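Visitor: Input: one structure, supplied below.
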Amino acid sequence: MVNQSTSPGIVWWKWVGAILVLYSIIQGLLIQVPRLPILHETIRNLFFHVTMWFSMIAMMIASLVYGLIYLRTNDLLHDIRAKQYAYTGIFLGILGLATGSLWAKYTWGSWWVNDAKLNGASASLLVYLAYVILRGSMEDDHKRARVSAVYGIFSFTLMLVFLMILPRLTDSLHPGNGGNPGFGTYDLDSKMRTVFYPAVIGWILMAFWITDIRIRIEKLYIKSWES
């Protein structure tokens, strides 16, 4: 049984997210960017590719937190939230891989290269796709919620290892990894910062909005099924 009680939603942050995303798309395509060797105009993908990963990590953190809350409270509503945040994170991760592959084609000459961060990102997604399969393999609600919450801790830990630790210990083409300087060190100028940071905030807020809608839809479905 899922607790259906909810407080009235606050919508101001949704409007902020929508405005920031619209602003970042328009400005990201129009502003002057540094004329750098190899990157050239593809550096604009920074506003889209990198923000997908920031948003994905935010969703996975939320999924982890709600999974831990479920383990403490045994309230299935928190399991629903943990699941939906993870699903949104997986979707954003797929978008991150797609935009990264497009960027790699025009900078490194191939849709996919043997890079520690690329391989780590794909491995992280596979771990979370296993989370989806695991949930679908169990019928008992509380058993599924408990196992998923524990696996969520495992998944989040592996994601940190694959994305944050291993690329810094091995050779990598990505900025900020494998001894390479990060974007902010040499080419994220003041104009790009005025788009990049709003884009990160905007896409994270939009991801929370999307997940909020998915949670409400699932709760309505459960309510209709129980009645």
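The way I read the labels, and the way they are meant: chains A, B, ... in the order of the structure tokens, residue 1 as the first residue of every chain, and ligand 1 as the first ligand shown, with later ones counted on from there.
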Please report, as number ranges by chain, each residue of chain A to which DSSP assigns helix (DSSP H, G or I) when run on this structure's backbone.
Guide: A: 12-30, 40-73, 76-107, 116-136, 141-169, 183-186, 190-226
Visitor: Give the answer as one residue: which of A:Phe154, A:Ala98, A:Ile215, A:Ile222 has the shortest atom-to-atom distance to Ile80 (chain A), using only C-alpha atoms?
Guide: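 Using only C-alpha atoms, Ile80 (chain A) sits closest to A:Ile215.
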Visitor: Applying 6 Å and only C-alpha atoms, which residues near region 195-197 of chain A remain after dropping the ones on its own chain fewer than 2 positions away? List them as a compact mmCIF listing (two decimals) with N, CA and C atoms, in the first residue's frame.
Guide:
# COMPACT_ATOMS: atom_id res chain seq x y z
N SER A 24 19.78 28.72 -22.13
CA SER A 24 21.05 28.06 -22.44
C SER A 24 21.07 27.50 -23.86
N PHE A 47 27.67 22.86 -23.41
CA PHE A 47 26.43 23.31 -22.78
C PHE A 47 25.37 22.21 -22.73
N MET A 192 31.22 31.93 -21.85
CA MET A 192 30.73 30.55 -21.76
C MET A 192 30.21 30.23 -20.36
N ARG A 193 30.83 30.81 -19.35
CA ARG A 193 30.36 30.58 -17.99
C ARG A 193 28.94 31.09 -17.79
N ALA A 199 22.89 26.54 -17.55
CA ALA A 199 22.48 25.31 -18.21
C ALA A 199 22.49 24.14 -17.24
N VAL A 200 23.52 24.04 -16.41
CA VAL A 200 23.60 22.96 -15.42
C VAL A 200 22.42 23.03 -14.47
Visitor: Name the closest residue to Thr157 (chain A) among the candidates A:Lys143, A:Lys219, A:Leu95, A:Val127; distances are taken between atoms, counting only C-alpha atoms.
Guide: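 Among the listed residues, A:Val127 lies closest to Thr157 (chain A).
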Visitor: Output as a tab-separated table one row per residue of region 35-139 of chain A within 7 Å of region 202-206 of chain A: the closest atom pair and its distance in Å to one decimal place, counting only C-alpha atoms, sorted by chain and residue number ascending.
Guide:
residue	atom	partner	partner_atom	distance
A:Thr51	CA	A:Trp203	CA	6.7
A:Ser55	CA	A:Ile204	CA	4.7
A:Ala58	CA	A:Ile204	CA	6.9
Visitor: What is the distance between CA of Leu158 (chain A) and CA of Met56 (chain A), in Å to one decimal?
Guide: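 Distance between the two atoms: 14.3 Å.
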Visitor: Quick one: pull the distance between CA of Leu102 (chain A) and CA of Ile25 (chain A), Å, one decimal.
Guide: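 Answer for the CA of Leu102 (chain A) to CA of Ile25 (chain A) separation: 17.2 Å.
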Visitor: So, with only C-alpha atoms as the atoms that count, which of A:Arg214, A:Lys223, A:Arg72, A:Arg146 lies closest to Thr88 (chain A)?
Guide: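 Under the stated criterion, the closest residue is A:Arg214.
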Visitor: Please compute the CA of Arg135 (chain A)-CA of Glu218 (chain A) distance, one decimal, in Å.
Guide: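 Spanning CA of Arg135 (chain A) to CA of Glu218 (chain A) is a straight-line distance of 15.1 Å.
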Visitor: I'd like the contact shell of Asp141 (chain A) - 10 Å cut-off, only C-alpha atoms, skipping same-chain residues fewer than 3 positions apart - returned as an MDAnalysis selection string.
Guide: chainID A and resid 1 76 79 135 138 144:146
Visitor: Would you output that residue set with N, CA and C atoms, as a CSV table (one decimal), in the first residue's frame?
Guide:
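And here is the file that came out, part-v7.csv:
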chain,number,residue,atom,x,y,z
A,1,MET,N,0.8,-1.2,0.0
A,1,MET,CA,0.0,0.0,0.0
A,1,MET,C,0.9,1.2,0.0
A,76,LEU,N,6.6,2.5,0.7
A,76,LEU,CA,6.8,2.2,-0.7
A,76,LEU,C,6.8,3.5,-1.5
A,79,ASP,N,10.2,4.2,-2.3
A,79,ASP,CA,10.8,3.3,-3.4
A,79,ASP,C,10.4,3.7,-4.7
A,135,ARG,N,14.6,-5.0,-10.8
A,135,ARG,CA,13.3,-4.6,-10.3
A,135,ARG,C,12.2,-5.4,-11.0
A,138,MET,N,11.2,-9.3,-9.8
A,138,MET,CA,10.5,-9.6,-8.5
A,138,MET,C,9.1,-9.0,-8.4
A,144,ARG,N,11.2,-6.3,-3.5
A,144,ARG,CA,11.7,-5.5,-4.6
A,144,ARG,C,12.3,-4.2,-4.2
A,145,ALA,N,11.6,-3.5,-3.3
A,145,ALA,CA,12.1,-2.2,-2.8
A,145,ALA,C,13.4,-2.4,-2.0
A,146,ARG,N,13.4,-3.4,-1.1
A,146,ARG,CA,14.6,-3.6,-0.3
A,146,ARG,C,15.8,-4.0,-1.1
Visitor: Might you pull out every residue within 12 Å of Ile133 (chain A), with only C-alpha atoms counted and same-chain residues fewer than 6 positions away left off, and present them as a list in words?
Guide: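 In the requested form, the answer reads Lys83, Tyr87, Leu126, Val127, Arg144, Ser148 and Tyr151 of chain A.
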Visitor: Find the residue from A:Val11, A:Leu36, A:Ala149, A:Leu125 that sits nearest to His78 (chain A); use only C-alpha atoms when measuring.
Guide: A:Ala149
Visitor: Which is closer to Met52 (chain A) than all the others in A:Ile26, A:Ala121, A:Val150, A:Ala116, using only C-alpha atoms?
Guide: A:Ala121
